[in-house]
Amino acid sequence: MKPSFLEDVEVIKLITKSREEFVKGNHCKALEILEDLIFDHKKDKDSWFLHIKQGTMFVKLEDITENPDVGFAYLVASVQCYSQDVILSRLCAMGFYNLAKQLGSVSYYKQCVKKSKQDLSVTYPENTSPVARSMLQELKKDMNKEFNTLIRDAERMIAGAKTSPLSSESKVWEPKKSSDLVDDEIQELRSYWMGLDIKIKRDFMKVSIAKLKSFVEGVHNREGRDVFEKVLTSAKADRKWTFWMCRSKCLKKLSSAEECKNHFEQQHDADFKNASKKDMVQRIGKDWARKISVGAWEPVDTVAAVEMIKNRLADVKAFAPKNGWSEEWPLAADEDRSKLLKEIKLLLVSLCDHKILPSSIREWLMRFPVQHLAKLDVSEQSLIDSHLVGTPQSICFLESHELNQILDFLKTIKCKRNDGTDLVCRAVNSFLDHTRVKEKIDFDPQFSFLLLDKRLLKCKDVPFDDEGTINVFDPNAHYAKAPAQGDDIISWLTDYNSVDTIFPRPIREHNFGIWVAVLKAVQFTFSFLGKKYAKKYLVLDYDAALTVVENLCMSEDERRKNLLEDQWNKYASLLCDSCEERVSENSITANFFLWAVRDVLQGASHPTFDFLDSEDCMNLIRQRKSLGDDIALKSIHHLKSVVTHKVCLMLIFITT
């Protein structure tokens, strides 16, 4: 058996060094060491040991970080670390509890309980190293009391959420403003600047690179000068002050955020793909979104409209709908339906505006008018001829109970995911804002001077220079016509809040902590989506089996038309016989069929996937073989409705 990496002296030295660097405050270096070790030993049986170390660092960073959004990103990163191995279920549960507490998220409280129950069944592997085993035992011992309280609190919050929404602790953070210069000194600088000769002001904008190098070396030693020279070399070569770098092992240098995003998706997304392109959720198109928003959504007099379709189809075909809506349908003076339709419109428009309305919801909505009008003997071809198939106006034909059903479902959809994604994005933006500048810095043709932005000579609000593009100018001509009556340069020189005071650092250390945290937050989100996709496929397979069950009953209805009643088969008996034929197949399809039949005959309120033994499942089915047809049919229709809702809600979650 291959020995654990924890028995390698060099690895232990690196782990120790990581801990020491973290204690010194060198958090980026500490995380870098662990990240490299995780990459090298991710398949080792004791790799969880590194994840727990890194997760603990993120928890400590969350505790000392002033910006709560950045702290939340660190907390998500810690949960991602702990979710890498079932051995860490207890730590993962506590992480989910803290996430739930900050967001008021029922979903995360449920994950906390789930991980807690998982922890109760975890057995530690015998072949783990003594160091790792000792750490686990101490960890579990220290957390026992707190852990029991955590589970109880999580279950109480879940129960309470059924009657009132949970509150969130999330707040928008504003950075503290500070300056090493007091207001009086800044005012003196302004007065001095305003009294200078225009030529002196213009010459001040030309910064000698040789003198600046000497100054940097005096402040930051030779290491600082070397870093500064690398910056100048890169700027002269690329003619840009800013560039993007992929922080994976490839360390590729990229010219823009868009190029970096494309590179990451094309080169490094293999671990994140959860579905093929055909399985990805398709959002509703602009055409339908426009139809939803422009329509009047007034209730149609369905009886009169059906009479027109049946007896005056030629006239109906001549209707000229605008954006899918026709003013020629007879309307009903029905205040209740009118109110329901307006509410449906508002919810659909909101979902469209948030870009989370999938086409599957449209298809689900359109089933209602098709089924409703079919009961009134209106064929699907007649609906096509009447211009009602591709428009939400057909929903206006529905009765109040059907509209209420649609409205109740739409109200369950949240336009915003309560998983903290917005907080992580805010955290990233806070770092990005720290690097944004309005002022340009260019070169002279000989690259001996840095030329400060001539707009600093006057008071004028200018846009951010996010690209950092460098130009080459003759300084005398560049500043010749620049007015010098303003004092913006004093504000620029004294704005210490926008200056990174730690200058001489390797590029990989720059914001490495938040970068690793955000990368793990992305992995965390994708793992959740992966579970949603897996559940979606499970429910779709169940739905397919339920459709087979329904079709068998419908085929029996057709058979009965030519038989006396005493020759009819009960639905339950027919389904039981079909299960007897399939049970020996022992295939996934056969198993789903058995589960669906069992749920139908037992009158289950929701699909169950408890994966009972096939024979146990058959015994439950045989016990219900004499169930009445009406009861079986009602159960089928109920489960079909529940499954449809489940799939629709999953797709909404996946699109958000």
# chains A, B, ... in the order shown; residues from 1 in each chain; ligands from 1
call {"tool": "residues_around", "arguments": {"residues": "Leu423 of chain A", "least_positions_apart": "4", "cutoff": "9 Å", "atoms": "only C-alpha atoms", "output": "CSV table (one decimal) with N, CA, C and O atoms, in the first residue's frame"}}
result
chain,number,residue,atom,x,y,z
A,68,PRO,N,-17.6,42.4,5.5
A,68,PRO,CA,-18.4,41.2,5.7
A,68,PRO,C,-18.6,40.4,4.4
A,68,PRO,O,-18.8,39.2,4.4
A,69,ASP,N,-18.6,41.1,3.2
A,69,ASP,CA,-18.8,40.4,2.0
A,69,ASP,C,-17.6,39.5,1.7
A,69,ASP,O,-17.7,38.4,1.3
A,70,VAL,N,-16.4,40.1,1.9
A,70,VAL,CA,-15.1,39.3,1.8
A,70,VAL,C,-15.1,38.2,2.8
A,70,VAL,O,-14.8,37.0,2.5
A,72,PHE,N,-17.7,36.7,4.0
A,72,PHE,CA,-18.6,35.6,3.6
A,72,PHE,C,-18.0,34.7,2.5
A,72,PHE,O,-18.2,33.5,2.5
A,73,ALA,N,-17.2,35.4,1.6
A,73,ALA,CA,-16.5,34.6,0.5
A,73,ALA,C,-15.6,33.6,1.2
A,73,ALA,O,-15.5,32.4,0.8
A,170,SER,N,-27.0,40.1,6.6
A,170,SER,CA,-26.1,40.7,5.6
A,170,SER,C,-26.3,42.2,5.5
A,170,SER,O,-27.4,42.7,5.5
A,419,ASP,N,-28.3,32.2,-1.8
A,419,ASP,CA,-27.2,31.3,-1.5
A,419,ASP,C,-25.9,32.2,-1.3
A,419,ASP,O,-24.8,31.6,-1.2
A,427,ALA,N,-17.9,41.1,-2.9
A,427,ALA,CA,-16.5,41.0,-2.4
A,427,ALA,C,-15.5,41.2,-3.5
A,427,ALA,O,-14.5,41.9,-3.3
A,428,VAL,N,-15.7,40.5,-4.6
A,428,VAL,CA,-14.8,40.6,-5.7
A,428,VAL,C,-14.8,42.0,-6.2
A,428,VAL,O,-13.7,42.6,-6.5
call {"tool": "select_by_dssp", "arguments": {"residues": "segment 338-469 of chain A", "states": "strand (DSSP E or B)", "output": "count of residues only"}}
result
9
call {"tool": "residues_around", "arguments": {"residues": "Ala572 of chain A", "least_positions_apart": "6", "cutoff": "7 Å", "atoms": "only C-alpha atoms", "output": "list of chain:residue names"}}
result
A:Leu601, A:Lys625, A:Ser626, A:Leu627, A:Ala632
call {"tool": "closest_residue", "arguments": {"among": "A:Asp36, A:Met308, A:Ala544, A:Phe524", "to": "Cys92 of chain A", "atoms": "only C-alpha atoms"}}
result
A:Phe524
call {"tool": "select_by_dssp", "arguments": {"residues": "segment 597-645 of chain A", "states": "helix (DSSP H, G or I)", "output": "VMD selection string"}}
result
chain A and resid 597 to 602 614 to 623 629 to 645
call {"tool": "residues_around", "arguments": {"residues": "Ile52 of chain A", "least_positions_apart": "4", "cutoff": "8 Å", "atoms": "only C-alpha atoms", "output": "MDAnalysis selection string"}}
result
chainID A and resid 48 56 81:82 88
call {"tool": "write_last_selection", "arguments": {"atoms": "C-alpha atoms", "output": "short mmCIF file (atom, residue, chain, number, x, y, z; two decimals), in the first residue's frame"}}
result
data_model
loop_
_atom_site.label_atom_id
_atom_site.label_comp_id
_atom_site.auth_asym_id
_atom_site.auth_seq_id
_atom_site.Cartn_x
_atom_site.Cartn_y
_atom_site.Cartn_z
CA TRP A 48 -8.75 15.66 3.64
CA THR A 56 -9.56 26.42 9.10
CA CYS A 81 -12.92 22.72 1.73
CA TYR A 82 -14.86 20.73 4.33
CA LEU A 88 -15.32 16.34 7.52
#
